[in-house]
Amino acid sequence: MHHTTNSSVRRLTAAALCLAAALLLPFLTGQIPQVGSMLLPMHLPVLLCGMVCGWQYGAVVGFVSPILRFVLFGMPPIFPTGFAMAFELAAYGLLAGLLCRKLGRRPAAIWAALVGAMLGGRIVWGIVMTAIAASGAASFGFAAFMAGAFFNAVPGIILQLCVLPVLVLALDKAKLLQKD
């Protein structure tokens, strides 16, 4: 039981650090003109949380991050942006955790898990935004989906693909990750 308790405390602590990073990173990237928001600063810690702590923690940290950030700092605007982001980021954390667990922590597996989570999260975001648009609360079409999910996100996608595998492998090599 001691091992299980220790593992739970470590995962909860790491998830709390990821949540803190998701709340604070947008302040740092916001200082970079033209590309600050394109770096997707809340996505990085949520994906990392799923990969490091597991799908349950990743999903919760992902869902709570944009809502808590709005409550504390007034950004992102809660509707429709923050609302859609909550589901998108929950999907990122959930899928990153599930895919990492299923595929393992070899470099190619981490990349595959990351790409799968990134695509899945963007699809969830598109579904939520389409539902919001169908309710008449916002306009959203295929061009807006492609721009928001892919074209405007290129710097963040590149950053995620470069940084996250290195971080996960480094944490694994340092034996700071629990084996599932």
# chains A, B, ... in the order shown; residues from 1 in each chain; ligands from 1
>>> residues_around(residues="segment 46-52 of chain A", least_positions_apart="6", cutoff="9 Å", atoms="only C-alpha atoms", output="ChimeraX atom specification")
/A:11,14-15,17-19,21-22,58-59,61-62,65,89-90,92-101,110,113-114,117-118,160,164,167-168,171-172,177-178
>>> residues_around(residues="Phe70 of chain A", least_positions_apart="6", cutoff="12 Å", atoms="only C-alpha atoms", output="PyMOL selection string")
chain A and resi 22-23+26+64+76-83+85-86
>>> select_by_dssp(residues="segment 67-156 of chain A", states="helix (DSSP H, G or I)", output="PyMOL selection string")
chain A and resi 67-73+78-103+107-134+142-149+151-156
>>> closest_residue(among="A:Gly156, A:Gly74, A:Pro107, A:Gly141", to="Met42 of chain A", atoms="only C-alpha atoms")
A:Gly156
>>> closest_residue(among="A:Ala20, A:Leu72, A:Leu176, A:Leu169", to="Gly104 of chain A", atoms="only C-alpha atoms")
A:Leu169
>>> atom_distance(atom1="atom CA of Pro41 of chain A", atom2="atom CA of Thr29 of chain A")
6.8 Å
>>> closest_residue(among="A:Leu40, A:Val71, A:Leu103, A:Met129", to="Ala84 of chain A", atoms="only C-alpha atoms")
A:Met129
>>> closest_residue(among="A:Gly116, A:Leu39, A:Thr5, A:Phe87", to="Phe151 of chain A", atoms="only C-alpha atoms")
A:Leu39
>>> decode(residues="segment 130-180 of chain A", atoms="N, CA and C atoms", output="PDB file, in the first residue's frame")
ATOM      1  N   THR A 130     -18.576  23.380 -33.457  1.00  0.00           N
ATOM      2  CA  THR A 130     -19.683  23.156 -34.385  1.00  0.00           C
ATOM      3  C   THR A 130     -21.008  23.125 -33.627  1.00  0.00           C
ATOM      4  N   ALA A 131     -21.036  22.488 -32.465  1.00  0.00           N
ATOM      5  CA  ALA A 131     -22.248  22.450 -31.637  1.00  0.00           C
ATOM      6  C   ALA A 131     -22.623  23.851 -31.164  1.00  0.00           C
ATOM      7  N   ILE A 132     -21.627  24.631 -30.770  1.00  0.00           N
ATOM      8  CA  ILE A 132     -21.879  26.011 -30.347  1.00  0.00           C
ATOM      9  C   ILE A 132     -22.444  26.814 -31.519  1.00  0.00           C
ATOM     10  N   ALA A 133     -21.857  26.636 -32.686  1.00  0.00           N
ATOM     11  CA  ALA A 133     -22.337  27.342 -33.876  1.00  0.00           C
ATOM     12  C   ALA A 133     -23.763  26.913 -34.234  1.00  0.00           C
ATOM     13  N   ALA A 134     -24.057  25.637 -34.081  1.00  0.00           N
ATOM     14  CA  ALA A 134     -25.399  25.135 -34.389  1.00  0.00           C
ATOM     15  C   ALA A 134     -26.450  25.731 -33.458  1.00  0.00           C
ATOM     16  N   SER A 135     -26.020  26.076 -32.253  1.00  0.00           N
ATOM     17  CA  SER A 135     -26.950  26.695 -31.298  1.00  0.00           C
ATOM     18  C   SER A 135     -27.176  28.169 -31.614  1.00  0.00           C
ATOM     19  N   GLY A 136     -26.390  28.695 -32.543  1.00  0.00           N
ATOM     20  CA  GLY A 136     -26.518  30.101 -32.926  1.00  0.00           C
ATOM     21  C   GLY A 136     -25.686  31.041 -32.070  1.00  0.00           C
ATOM     22  N   ALA A 137     -24.896  30.491 -31.145  1.00  0.00           N
ATOM     23  CA  ALA A 137     -24.122  31.319 -30.225  1.00  0.00           C
ATOM     24  C   ALA A 137     -22.830  31.847 -30.835  1.00  0.00           C
ATOM     25  N   ALA A 138     -22.388  31.273 -31.925  1.00  0.00           N
ATOM     26  CA  ALA A 138     -21.147  31.712 -32.590  1.00  0.00           C
ATOM     27  C   ALA A 138     -21.178  31.196 -34.022  1.00  0.00           C
ATOM     28  N   SER A 139     -20.360  31.799 -34.868  1.00  0.00           N
ATOM     29  CA  SER A 139     -20.248  31.262 -36.227  1.00  0.00           C
ATOM     30  C   SER A 139     -18.969  30.445 -36.309  1.00  0.00           C
ATOM     31  N   PHE A 140     -19.038  29.351 -37.036  1.00  0.00           N
ATOM     32  CA  PHE A 140     -17.898  28.449 -37.134  1.00  0.00           C
ATOM     33  C   PHE A 140     -18.097  27.585 -38.367  1.00  0.00           C
ATOM     34  N   GLY A 141     -17.080  27.549 -39.205  1.00  0.00           N
ATOM     35  CA  GLY A 141     -17.140  26.721 -40.400  1.00  0.00           C
ATOM     36  C   GLY A 141     -15.837  25.983 -40.595  1.00  0.00           C
ATOM     37  N   PHE A 142     -15.738  25.295 -41.718  1.00  0.00           N
ATOM     38  CA  PHE A 142     -14.546  24.498 -42.000  1.00  0.00           C
ATOM     39  C   PHE A 142     -13.282  25.356 -42.068  1.00  0.00           C
ATOM     40  N   ALA A 143     -13.378  26.535 -42.666  1.00  0.00           N
ATOM     41  CA  ALA A 143     -12.210  27.426 -42.754  1.00  0.00           C
ATOM     42  C   ALA A 143     -11.757  27.849 -41.355  1.00  0.00           C
ATOM     43  N   ALA A 144     -12.705  28.139 -40.476  1.00  0.00           N
ATOM     44  CA  ALA A 144     -12.359  28.516 -39.093  1.00  0.00           C
ATOM     45  C   ALA A 144     -11.736  27.330 -38.362  1.00  0.00           C
ATOM     46  N   PHE A 145     -12.260  26.126 -38.627  1.00  0.00           N
ATOM     47  CA  PHE A 145     -11.681  24.925 -38.021  1.00  0.00           C
ATOM     48  C   PHE A 145     -10.237  24.732 -38.460  1.00  0.00           C
ATOM     49  N   MET A 146      -9.997  24.790 -39.753  1.00  0.00           N
ATOM     50  CA  MET A 146      -8.642  24.587 -40.277  1.00  0.00           C
ATOM     51  C   MET A 146      -7.682  25.656 -39.761  1.00  0.00           C
ATOM     52  N   ALA A 147      -8.140  26.900 -39.722  1.00  0.00           N
ATOM     53  CA  ALA A 147      -7.284  27.984 -39.227  1.00  0.00           C
ATOM     54  C   ALA A 147      -6.976  27.786 -37.751  1.00  0.00           C
ATOM     55  N   GLY A 148      -8.000  27.531 -36.948  1.00  0.00           N
ATOM     56  CA  GLY A 148      -7.798  27.406 -35.505  1.00  0.00           C
ATOM     57  C   GLY A 148      -7.076  26.136 -35.102  1.00  0.00           C
ATOM     58  N   ALA A 149      -7.381  25.049 -35.762  1.00  0.00           N
ATOM     59  CA  ALA A 149      -6.817  23.761 -35.376  1.00  0.00           C
ATOM     60  C   ALA A 149      -5.432  23.511 -35.953  1.00  0.00           C
ATOM     61  N   PHE A 150      -5.153  24.069 -37.110  1.00  0.00           N
ATOM     62  CA  PHE A 150      -3.896  23.722 -37.767  1.00  0.00           C
ATOM     63  C   PHE A 150      -3.065  24.932 -38.194  1.00  0.00           C
ATOM     64  N   PHE A 151      -3.569  25.762 -39.089  1.00  0.00           N
ATOM     65  CA  PHE A 151      -2.745  26.824 -39.682  1.00  0.00           C
ATOM     66  C   PHE A 151      -2.195  27.792 -38.641  1.00  0.00           C
ATOM     67  N   ASN A 152      -3.049  28.315 -37.771  1.00  0.00           N
ATOM     68  CA  ASN A 152      -2.588  29.260 -36.743  1.00  0.00           C
ATOM     69  C   ASN A 152      -1.817  28.566 -35.626  1.00  0.00           C
ATOM     70  N   ALA A 153      -1.895  27.250 -35.575  1.00  0.00           N
ATOM     71  CA  ALA A 153      -1.285  26.491 -34.492  1.00  0.00           C
ATOM     72  C   ALA A 153       0.093  25.915 -34.848  1.00  0.00           C
ATOM     73  N   VAL A 154       0.582  26.162 -36.051  1.00  0.00           N
ATOM     74  CA  VAL A 154       1.839  25.545 -36.498  1.00  0.00           C
ATOM     75  C   VAL A 154       3.002  25.775 -35.521  1.00  0.00           C
ATOM     76  N   PRO A 155       3.253  27.001 -35.044  1.00  0.00           N
ATOM     77  CA  PRO A 155       4.368  27.163 -34.095  1.00  0.00           C
ATOM     78  C   PRO A 155       4.203  26.306 -32.837  1.00  0.00           C
ATOM     79  N   GLY A 156       2.987  26.225 -32.307  1.00  0.00           N
ATOM     80  CA  GLY A 156       2.745  25.414 -31.118  1.00  0.00           C
ATOM     81  C   GLY A 156       2.890  23.933 -31.392  1.00  0.00           C
ATOM     82  N   ILE A 157       2.423  23.496 -32.541  1.00  0.00           N
ATOM     83  CA  ILE A 157       2.546  22.086 -32.915  1.00  0.00           C
ATOM     84  C   ILE A 157       4.021  21.701 -33.011  1.00  0.00           C
ATOM     85  N   ILE A 158       4.810  22.539 -33.652  1.00  0.00           N
ATOM     86  CA  ILE A 158       6.255  22.272 -33.766  1.00  0.00           C
ATOM     87  C   ILE A 158       6.900  22.240 -32.387  1.00  0.00           C
ATOM     88  N   LEU A 159       6.556  23.206 -31.542  1.00  0.00           N
ATOM     89  CA  LEU A 159       7.100  23.248 -30.185  1.00  0.00           C
ATOM     90  C   LEU A 159       6.752  21.973 -29.418  1.00  0.00           C
ATOM     91  N   GLN A 160       5.505  21.551 -29.485  1.00  0.00           N
ATOM     92  CA  GLN A 160       5.070  20.341 -28.788  1.00  0.00           C
ATOM     93  C   GLN A 160       5.828  19.108 -29.291  1.00  0.00           C
ATOM     94  N   LEU A 161       5.968  18.993 -30.612  1.00  0.00           N
ATOM     95  CA  LEU A 161       6.642  17.823 -31.182  1.00  0.00           C
ATOM     96  C   LEU A 161       8.132  17.793 -30.849  1.00  0.00           C
ATOM     97  N   CYS A 162       8.727  18.960 -30.614  1.00  0.00           N
ATOM     98  CA  CYS A 162      10.153  19.026 -30.275  1.00  0.00           C
ATOM     99  C   CYS A 162      10.409  18.868 -28.775  1.00  0.00           C
ATOM    100  N   VAL A 163       9.590  19.518 -27.960  1.00  0.00           N
ATOM    101  CA  VAL A 163       9.859  19.595 -26.526  1.00  0.00           C
ATOM    102  C   VAL A 163       9.320  18.398 -25.745  1.00  0.00           C
ATOM    103  N   LEU A 164       8.095  18.004 -26.008  1.00  0.00           N
ATOM    104  CA  LEU A 164       7.472  16.986 -25.168  1.00  0.00           C
ATOM    105  C   LEU A 164       8.152  15.615 -25.212  1.00  0.00           C
ATOM    106  N   PRO A 165       8.521  15.086 -26.380  1.00  0.00           N
ATOM    107  CA  PRO A 165       9.219  13.798 -26.362  1.00  0.00           C
ATOM    108  C   PRO A 165      10.533  13.855 -25.571  1.00  0.00           C
ATOM    109  N   VAL A 166      11.255  14.953 -25.718  1.00  0.00           N
ATOM    110  CA  VAL A 166      12.513  15.108 -24.985  1.00  0.00           C
ATOM    111  C   VAL A 166      12.255  15.127 -23.476  1.00  0.00           C
ATOM    112  N   LEU A 167      11.242  15.868 -23.055  1.00  0.00           N
ATOM    113  CA  LEU A 167      10.906  15.942 -21.624  1.00  0.00           C
ATOM    114  C   LEU A 167      10.496  14.579 -21.073  1.00  0.00           C
ATOM    115  N   VAL A 168       9.612  13.886 -21.781  1.00  0.00           N
ATOM    116  CA  VAL A 168       9.140  12.587 -21.309  1.00  0.00           C
ATOM    117  C   VAL A 168      10.292  11.591 -21.244  1.00  0.00           C
ATOM    118  N   LEU A 169      11.134  11.560 -22.273  1.00  0.00           N
ATOM    119  CA  LEU A 169      12.280  10.640 -22.264  1.00  0.00           C
ATOM    120  C   LEU A 169      13.264  10.986 -21.149  1.00  0.00           C
ATOM    121  N   ALA A 170      13.501  12.272 -20.916  1.00  0.00           N
ATOM    122  CA  ALA A 170      14.410  12.692 -19.844  1.00  0.00           C
ATOM    123  C   ALA A 170      13.856  12.297 -18.478  1.00  0.00           C
ATOM    124  N   LEU A 171      12.579  12.502 -18.260  1.00  0.00           N
ATOM    125  CA  LEU A 171      11.962  12.123 -16.989  1.00  0.00           C
ATOM    126  C   LEU A 171      12.002  10.605 -16.801  1.00  0.00           C
ATOM    127  N   ASP A 172      11.780   9.873 -17.882  1.00  0.00           N
ATOM    128  CA  ASP A 172      11.831   8.415 -17.822  1.00  0.00           C
ATOM    129  C   ASP A 172      13.251   7.936 -17.523  1.00  0.00           C
ATOM    130  N   LYS A 173      14.224   8.537 -18.206  1.00  0.00           N
ATOM    131  CA  LYS A 173      15.627   8.144 -17.997  1.00  0.00           C
ATOM    132  C   LYS A 173      16.084   8.450 -16.569  1.00  0.00           C
ATOM    133  N   ALA A 174      15.575   9.555 -16.020  1.00  0.00           N
ATOM    134  CA  ALA A 174      15.928   9.924 -14.643  1.00  0.00           C
ATOM    135  C   ALA A 174      15.142   9.103 -13.622  1.00  0.00           C
ATOM    136  N   LYS A 175      14.320   8.191 -14.109  1.00  0.00           N
ATOM    137  CA  LYS A 175      13.489   7.316 -13.280  1.00  0.00           C
ATOM    138  C   LYS A 175      12.514   8.119 -12.409  1.00  0.00           C
ATOM    139  N   LEU A 176      12.037   9.228 -12.965  1.00  0.00           N
ATOM    140  CA  LEU A 176      11.066  10.052 -12.254  1.00  0.00           C
ATOM    141  C   LEU A 176       9.628   9.716 -12.647  1.00  0.00           C
ATOM    142  N   LEU A 177       9.468   8.810 -13.616  1.00  0.00           N
ATOM    143  CA  LEU A 177       8.131   8.394 -14.025  1.00  0.00           C
ATOM    144  C   LEU A 177       7.829   7.024 -13.440  1.00  0.00           C
ATOM    145  N   GLN A 178       6.605   6.880 -12.979  1.00  0.00           N
ATOM    146  CA  GLN A 178       6.150   5.598 -12.474  1.00  0.00           C
ATOM    147  C   GLN A 178       5.806   4.707 -13.653  1.00  0.00           C
ATOM    148  N   LYS A 179       6.103   3.461 -13.539  1.00  0.00           N
ATOM    149  CA  LYS A 179       5.676   2.491 -14.560  1.00  0.00           C
ATOM    150  C   LYS A 179       4.235   2.134 -14.277  1.00  0.00           C
ATOM    151  N   ASP A 180       3.416   2.093 -15.341  1.00  0.00           N
ATOM    152  CA  ASP A 180       1.999   1.768 -15.161  1.00  0.00           C
ATOM    153  C   ASP A 180       1.812   0.285 -14.945  1.00  0.00           C
TER     154      ASP A 180
END
